[in-house]
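Note: the block below is model28.txt and it holds compact mmCIF, C-alpha atoms.
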```
# COMPACT_ATOMS: atom_id res chain seq x y z
CA MET D 313 4.46 35.05 12.79
CA ALA D 314 5.77 38.03 10.85
CA VAL D 315 5.43 41.67 9.81
CA ILE D 316 5.83 42.20 6.06
CA VAL D 317 5.90 45.68 4.49
CA LEU D 318 5.15 46.33 0.82
CA ALA D 319 6.11 49.63 -0.78
CA GLY D 320 6.35 51.04 -4.29
CA GLY D 321 7.70 53.82 -6.43
CA LEU D 322 6.26 56.31 -8.89
CA GLY D 323 3.34 55.40 -11.08
CA ALA D 324 1.10 52.51 -10.13
CA PRO D 325 3.40 49.50 -9.75
CA GLY D 326 0.68 47.37 -8.14
CA VAL D 327 1.46 47.49 -4.41
CA THR D 328 -2.13 47.17 -3.16
CA THR D 329 -3.07 44.56 -5.77
CA THR D 330 -0.01 42.52 -4.80
CA ALA D 331 -0.81 42.91 -1.10
CA MET D 332 -4.36 41.65 -1.69
CA ALA D 333 -3.04 38.66 -3.66
CA LEU D 334 -0.72 37.76 -0.78
CA LEU D 335 -3.51 38.20 1.76
CA LEU D 336 -5.80 35.77 -0.07
CA THR D 337 -3.08 33.15 -0.61
CA TRP D 338 -1.17 33.45 2.67
CA PRO D 339 -0.70 29.95 4.19
CA LEU D 340 -2.56 29.62 7.49
CA GLU D 341 -2.29 26.89 10.04
CA THR D 342 -5.24 26.19 12.33
CA GLY D 343 -5.86 29.13 14.63
CA HIS D 344 -3.60 31.48 12.66
CA ARG D 345 -4.72 34.67 10.91
CA VAL D 346 -3.31 37.25 8.54
CA VAL D 347 -4.07 40.98 8.56
CA LEU D 348 -3.52 43.41 5.69
CA ALA D 349 -3.10 46.92 7.12
CA GLU D 350 -3.45 49.64 4.49
CA CYS D 351 -1.09 52.28 5.89
CA ASP D 352 -0.54 54.38 2.77
CA PRO D 353 -0.49 58.06 3.88
CA ASP D 354 -1.76 59.04 0.41
CA GLY D 355 -5.06 57.31 1.17
CA GLY D 356 -6.45 53.82 0.88
CA ALA D 357 -7.68 52.02 -2.21
CA ILE D 358 -9.22 48.89 -0.70
CA LEU D 359 -12.48 50.41 0.58
CA PRO D 360 -13.53 51.88 -2.78
CA GLY D 361 -11.76 49.13 -4.73
CA ALA D 362 -11.79 45.51 -3.58
CA LEU D 363 -14.55 46.20 -1.02
CA GLN D 364 -16.48 48.35 -3.53
CA GLY D 365 -17.41 50.96 -0.93
CA THR D 366 -19.73 48.58 0.91
CA LEU D 367 -18.55 49.83 4.31
CA SER D 368 -18.54 53.55 3.55
CA ASN D 369 -16.03 55.13 5.97
CA THR D 370 -17.11 53.21 9.06
CA HIS D 371 -13.89 51.19 9.29
CA GLY D 372 -10.28 52.11 8.84
CA MET D 373 -7.15 53.96 9.81
CA ARG D 374 -8.87 57.31 10.35
CA ASN D 375 -10.69 55.90 13.36
CA LEU D 376 -7.40 54.93 15.00
CA ALA D 377 -6.08 58.49 15.23
CA LEU D 378 -8.33 59.47 18.13
CA ALA D 379 -7.93 56.08 19.80
CA GLY D 380 -4.16 56.48 19.66
CA ARG D 381 -4.29 59.85 21.40
CA GLN D 382 -6.44 58.28 24.12
CA ASN D 383 -4.10 55.30 24.55
CA GLN D 384 -6.81 52.95 23.31
CA LEU D 385 -5.22 51.89 20.04
CA GLY D 386 -5.00 48.20 20.96
CA GLU D 387 -8.72 47.85 21.61
CA ALA D 388 -9.76 50.05 18.69
CA PHE D 389 -7.54 48.23 16.18
CA TRP D 390 -9.48 44.97 16.36
CA ARG D 391 -12.82 46.74 15.86
CA GLN D 392 -11.62 48.26 12.61
CA LEU D 393 -10.72 44.99 10.89
CA VAL D 394 -12.88 43.73 8.03
CA ASP D 395 -13.28 40.04 7.20
CA VAL D 396 -12.69 39.41 3.49
CA THR D 397 -13.52 35.70 3.56
CA ASP D 398 -16.79 34.50 2.05
CA ALA D 399 -17.29 32.09 4.94
CA GLY D 400 -16.87 34.73 7.62
CA THR D 401 -14.00 32.86 9.27
CA ARG D 402 -12.15 36.08 10.22
CA ASP D 403 -8.80 34.56 9.39
CA ARG D 404 -8.06 36.98 6.52
CA LEU D 405 -8.66 40.53 7.66
CA VAL D 406 -8.18 44.03 6.26
CA LEU D 407 -7.60 47.31 8.03
CA PRO D 408 -8.83 49.82 5.40
CA GLY D 409 -6.68 52.87 4.85
CA LEU D 410 -7.31 56.59 5.13
CA TYR D 411 -10.13 57.73 2.87
CA ASP D 412 -8.73 61.27 2.67
CA PRO D 413 -4.95 61.98 2.43
CA ALA D 414 -5.55 65.14 4.48
CA HIS D 415 -6.10 62.89 7.49
CA ALA D 416 -2.47 61.71 7.36
CA SER D 417 -1.43 64.73 9.43
CA SER D 418 -3.48 63.43 12.38
CA MET D 419 -1.69 60.06 12.27
CA GLY D 420 1.74 61.35 13.33
CA PRO D 421 2.05 59.72 16.77
CA VAL D 422 -0.09 56.73 15.76
CA TRP D 423 2.46 55.25 13.34
CA ASP D 424 4.87 54.45 16.16
CA GLN D 425 2.08 52.90 18.23
CA LEU D 426 1.05 50.77 15.25
CA ALA D 427 4.61 49.57 14.78
CA HIS D 428 4.64 48.32 18.38
CA LEU D 429 1.20 46.79 17.99
CA PHE D 430 2.12 44.93 14.80
CA ALA D 431 5.21 43.47 16.47
CA GLY D 432 3.02 42.25 19.34
CA VAL D 433 0.20 40.90 17.19
CA GLU D 434 2.28 37.85 16.34
CA GLU D 435 1.83 36.63 19.91
CA HIS D 436 -1.81 36.10 18.95
CA GLN D 437 -0.92 33.98 15.88
CA HIS D 438 -1.32 36.79 13.36
CA ASP D 439 0.91 37.71 10.45
CA VAL D 440 0.67 41.32 9.31
CA LEU D 441 1.04 42.60 5.75
CA VAL D 442 1.53 46.38 5.65
CA ASP D 443 0.74 48.33 2.47
CA LEU D 444 2.76 51.57 2.59
CA GLY D 445 2.00 52.64 -0.97
CA ARG D 446 4.36 54.88 -2.91
CA ARG D 447 5.79 57.08 -0.16
CA GLY D 448 4.76 55.52 3.13
CA ALA D 449 8.15 53.86 3.68
CA PHE D 450 9.53 57.35 4.31
CA GLY D 451 8.50 60.12 6.66
CA PRO D 452 6.54 59.46 9.89
CA SER D 453 4.98 56.21 8.65
CA GLY D 454 8.45 54.90 7.76
CA VAL D 455 8.78 53.53 11.29
CA LEU D 456 6.60 50.63 10.09
CA ALA D 457 9.30 49.68 7.59
CA GLN D 458 12.09 50.11 10.12
CA ARG D 459 10.52 47.60 12.52
CA ALA D 460 9.35 45.02 10.00
CA ASP D 461 10.82 41.59 9.36
CA VAL D 462 10.80 42.06 5.59
CA VAL D 463 10.38 45.07 3.30
CA LEU D 464 9.40 44.32 -0.30
CA MET D 465 9.64 46.93 -3.03
CA VAL D 466 7.02 46.26 -5.71
CA ALA D 467 8.02 47.34 -9.22
CA GLN D 468 7.17 46.56 -12.80
CA ASN D 469 10.08 45.48 -14.97
CA THR D 470 9.80 48.60 -17.12
CA LEU D 471 12.48 51.29 -17.33
CA ARG D 472 10.34 53.94 -15.65
CA SER D 473 9.30 51.73 -12.76
CA LEU D 474 12.78 50.31 -12.20
CA GLN D 475 14.41 53.75 -12.17
CA SER D 476 11.97 54.82 -9.48
CA ALA D 477 12.55 51.60 -7.53
CA GLU D 478 16.32 52.12 -7.67
CA VAL D 479 16.04 55.55 -6.04
CA ARG D 480 13.60 54.26 -3.41
CA LEU D 481 15.75 51.24 -2.57
CA THR D 482 18.80 53.43 -1.99
CA ALA D 483 16.84 55.72 0.32
CA LEU D 484 15.23 52.74 2.05
CA ARG D 485 18.58 51.13 2.87
CA GLU D 486 19.81 54.40 4.34
CA GLN D 487 16.70 54.61 6.50
CA VAL D 488 16.26 51.05 7.77
CA GLY D 489 19.83 49.77 7.70
CA ASN D 490 20.20 46.01 7.89
CA ALA D 491 17.35 45.36 10.33
CA PRO D 492 14.68 44.06 7.92
CA GLU D 493 15.37 41.85 4.94
CA ILE D 494 14.83 43.85 1.73
CA GLY D 495 13.73 42.37 -1.57
CA LEU D 496 11.97 43.11 -4.84
CA LEU D 497 8.67 41.80 -6.14
CA LEU D 498 8.50 42.22 -9.91
CA VAL D 499 5.30 42.59 -11.90
CA ASP D 500 6.16 41.17 -15.30
CA ARG D 501 4.90 43.91 -17.59
CA GLY D 502 8.15 45.01 -19.23
CA SER D 503 11.15 43.62 -21.04
CA PHE D 504 13.84 43.45 -18.36
CA SER D 505 14.69 39.99 -17.09
CA ARG D 506 14.94 39.02 -13.45
CA GLU D 507 18.70 38.63 -13.79
CA GLU D 508 19.11 42.08 -15.32
CA VAL D 509 17.06 43.67 -12.57
CA GLN D 510 18.97 41.93 -9.78
CA LYS D 511 22.32 42.89 -11.27
CA HIS D 512 21.45 46.54 -11.83
CA LEU D 513 19.52 47.17 -8.60
CA LYS D 514 21.76 44.93 -6.47
CA THR D 515 18.66 43.55 -4.77
CA ASP D 516 17.27 40.02 -4.73
CA VAL D 517 14.14 39.55 -6.81
CA VAL D 518 12.07 37.46 -4.43
CA ALA D 519 9.43 36.57 -6.99
CA THR D 520 7.87 37.65 -10.27
CA LEU D 521 4.12 38.03 -10.63
CA PRO D 522 2.54 37.85 -14.09
CA TRP D 523 0.82 40.87 -15.62
CA ARG D 524 -2.81 39.74 -15.75
CA PRO D 525 -5.16 42.77 -15.81
CA VAL D 526 -8.40 40.74 -15.72
CA GLU D 527 -7.43 38.80 -12.59
CA ALA D 528 -5.77 41.87 -11.04
CA ALA D 529 -9.03 43.82 -11.37
CA VAL D 530 -10.66 41.39 -8.93
CA LEU D 531 -8.07 42.38 -6.33
CA SER D 532 -7.88 46.09 -7.08
CA ASP D 533 -11.49 46.95 -7.99
CA GLY D 534 -13.67 44.11 -6.76
CA ALA D 535 -14.44 42.98 -10.30
CA SER D 536 -16.33 39.72 -10.84
CA GLN D 537 -14.05 36.74 -10.57
CA PRO D 538 -13.30 35.08 -13.90
CA ARG D 539 -13.60 31.34 -14.19
CA LYS D 540 -10.97 29.45 -12.15
CA PHE D 541 -9.70 32.66 -10.58
CA GLU D 542 -8.25 30.93 -7.53
CA SER D 543 -6.18 28.60 -9.73
CA SER D 544 -5.15 31.33 -12.17
CA GLU D 545 -1.50 32.01 -12.94
CA LEU D 546 -1.60 35.20 -10.88
CA MET D 547 -2.90 33.48 -7.75
CA ARG D 548 -0.59 30.49 -8.20
CA SER D 549 2.34 32.89 -8.40
CA ALA D 550 1.11 34.69 -5.30
CA ARG D 551 1.06 31.39 -3.35
CA THR D 552 4.62 30.67 -4.41
CA THR D 553 5.58 34.20 -3.41
CA THR D 554 4.24 33.74 0.12
CA GLU D 555 6.52 30.74 0.61
CA LYS D 556 9.55 32.75 -0.50
CA VAL D 557 8.62 35.68 1.73
CA LEU D 558 8.28 33.40 4.75
CA ALA D 559 11.72 32.00 3.96
CA MET D 560 13.04 35.58 4.11
CA VAL D 561 11.39 35.98 7.50
CA ALA D 562 13.12 32.84 8.76
CA THR D 563 16.47 34.17 7.52
CA ARG D 564 15.89 37.48 9.24
CA ARG D 565 14.85 35.87 12.52
CA ALA D 566 17.91 33.65 12.49
CA ARG D 567 20.10 36.69 11.90
CA LEU D 568 18.61 39.22 14.30
CA GLY D 569 15.69 37.77 16.23
CA PRO D 570 12.10 39.15 16.25
CA PRO D 571 11.55 42.85 15.50
CA GLY D 572 10.28 45.40 17.99
CA GLN D 573 9.22 44.47 21.48
CA SER D 574 7.94 40.95 21.05
CA GLY D 575 7.16 40.64 24.73
CA ARG D 576 4.69 43.48 24.67
CA ALA D 577 1.04 42.40 24.98
CA VAL D 578 -1.56 43.64 22.55
CA ALA D 579 -4.66 44.79 24.36
CA GLY D 580 -8.02 43.58 23.15
CA ALA D 581 -6.75 40.87 20.80
CA ARG D 582 -9.39 38.41 19.77
```
Could you render the structure as structure tokens?
Amino acid sequence: MAVIVLAGGLGAPGVTTTAMALLLTWPLETGHRVVLAECDPDGGAILPGALQGTLSNTHGMRNLALAGRQNQLGEAFWRQLVDVTDAGTRDRLVLPGLYDPAHASSMGPVWDQLAHLFAGVEEHQHDVLVDLGRRGAFGPSGVLAQRADVVLMVAQNTLRSLQSAEVRLTALREQVGNAPEIGLLLVDRGSFSREEVQKHLKTDVVATLPWRPVEAAVLSDGASQPRKFESSELMRSARTTTEKVLAMVATRRARLGPPGQSGRAVAGAR
């Protein structure tokens, strides 16, 4: 089991949309689950987007701040997860993000607790995808990137997006060192080839996702699914991407071993 962080740069490179695509296509063996934790300090997009506001503000990161101060984060975490499967199988779960960026100030000590929790969740057969948005890989929430298996920078292959990604990648390497594996996920909206991007940014392009606004709107805004959505090019590419990401995890584990304190129990897991 693994902890995967996704981060982005300036503009809207598609971090949350990519994270949702990976969540819905993540390979699961019997008894295994995957959680998408929306940890963007600028506020979450899944509640008003993919979930279309159906849960109001009853679930999410904001509710973990108080629990963290009371040393009850483990128990509270599981109550905040939302099942995104039609069948109610609870094997693909979302932790909605902050609904107001002003609440990020109350999360200070919680980020470190979450990093420990995510590392321990794997004992309960869960993988964790962490959406850190545009700036969450830095500052107090950056501890989630430091203790991950893999950190993926999401960028479009346009000049503006790649320039931002270059700056973020440099800062990210300085912050996390060689602990997590670092890679790029490209959204194919521009003119730069995979080879050009890898050469200039000196970072492996793990996968390229097609620019498909209609299919992406299902993931970002809860739009009606077009015909054959699950077999669309976007979702096929996402499935291939999950395999490559898991290969990165295996490489990292072989090099360093599991992140964080893997022997630590996670209270309240179910």
From the list D:Ile316, D:Leu521, D:Cys351, D:Leu334, the nearest residue to Gly454 in chain D using all atoms listed in the file is D:Cys351
Nearby residues (only C-alpha atoms) at most 12 Å from range 540-545 of chain D, same-chain spacing under 3 positions excluded, as number ranges by chain: D: 333, 336-337, 520-531, 535-537, 548-552
Closest of D:Ala460, D:Ser476, D:Glu507, D:Arg345 to Val561 in chain D - atom-to-atom distances counting only C-alpha atoms: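 Once distances to Val561 in chain D are computed over only C-alpha atoms, the minimum belongs to D:Ala460.
Of the listed residues (D:Lys556, D:Ala349, D:Ala491, D:Leu464), D:Leu464 comes nearest to Thr515 in chain D; the distances count all atoms listed in the file.
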Using only C-alpha atoms, find the one residue out of D:Arg374, D:Gln392, D:Leu444, D:Arg564 that sits nearest to Ala414 in chain D.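 Ranking D:Arg374, D:Gln392, D:Leu444, D:Arg564 by distance to Ala414 in chain D, first place goes to D:Arg374.
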How many Å lie between CA of Leu318 in chain D and CA of Val466 in chain D, rounded to one decimal? 6.8 Å
For Glu555 in chain D, which of D:Met419, D:Val455, D:Leu340, D:Val433 is the closest residue, counting all atoms listed in the file?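 Looking only at the distances to Glu555 in chain D, the closest residue turns out to be D:Leu340.
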I'd like the neighbourhood of Glu350 in chain D as a short mmCIF file (atom, residue, chain, number, x, y, z; two decimals) with C-alpha atoms, keeping the file's coordinate frame, where a residue qualifies if any of its atoms comes within 9 Å (using only C-alpha atoms), though same-chain residues fewer than 2 positions away should be ignored.
```cif
data_model
loop_
_atom_site.label_atom_id
_atom_site.label_comp_id
_atom_site.auth_asym_id
_atom_site.auth_seq_id
_atom_site.Cartn_x
_atom_site.Cartn_y
_atom_site.Cartn_z
CA THR D 328 -2.13 47.17 -3.16
CA LEU D 348 -3.52 43.41 5.69
CA ASP D 352 -0.54 54.38 2.77
CA PRO D 353 -0.49 58.06 3.88
CA GLY D 355 -5.06 57.31 1.17
CA GLY D 356 -6.45 53.82 0.88
CA ALA D 357 -7.68 52.02 -2.21
CA ILE D 358 -9.22 48.89 -0.70
CA GLY D 372 -10.28 52.11 8.84
CA MET D 373 -7.15 53.96 9.81
CA VAL D 406 -8.18 44.03 6.26
CA LEU D 407 -7.60 47.31 8.03
CA PRO D 408 -8.83 49.82 5.40
CA GLY D 409 -6.68 52.87 4.85
CA LEU D 410 -7.31 56.59 5.13
CA LEU D 441 1.04 42.60 5.75
CA VAL D 442 1.53 46.38 5.65
CA ASP D 443 0.74 48.33 2.47
CA LEU D 444 2.76 51.57 2.59
CA GLY D 445 2.00 52.64 -0.97
#
```
Pick from D:Ala388, D:Ala362, D:Val440, D:Val488 nearest to Ala457 in chain D, counting only C-alpha atoms: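 For Ala457 in chain D, the nearest of the candidates is D:Val488.
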So how many Å separate CA of Gly451 in chain D and CA of Arg501 in chain D, to one decimal?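 Computing it gives 29.4 Å between the two atoms.
Between CA of His438 in chain D and CA of His344 in chain D there is a distance of 5.8 Å.
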Which residues are close to Asn469 in chain D, i.e. within 7 Å by all atoms listed in the file, leaving aside same-chain residues fewer than 6 positions away? Reply as a VMD selection string. chain D and resid 498 to 504
Enclose the full set of atoms of range 344-353 of chain D listed in the file within a box whose edges lie along x, y and z, apply 6 Å of padding to each of the six sides, and report centre and edge lengths in Å to one decimal as AutoDock Vina command-line options.
```
--center_x -2.6 --center_y 44.8 --center_z 7.7 --size_x 16.2 --size_y 38.6 --size_z 21.9
```
Give me, as a PyMOL selection string, all polymer residues having an atom no more than 8 Å from Trp423 in chain D, counting only C-alpha atoms and skipping those fewer than 6 positions away in the same chain. chain D and resi 452-453+455-456
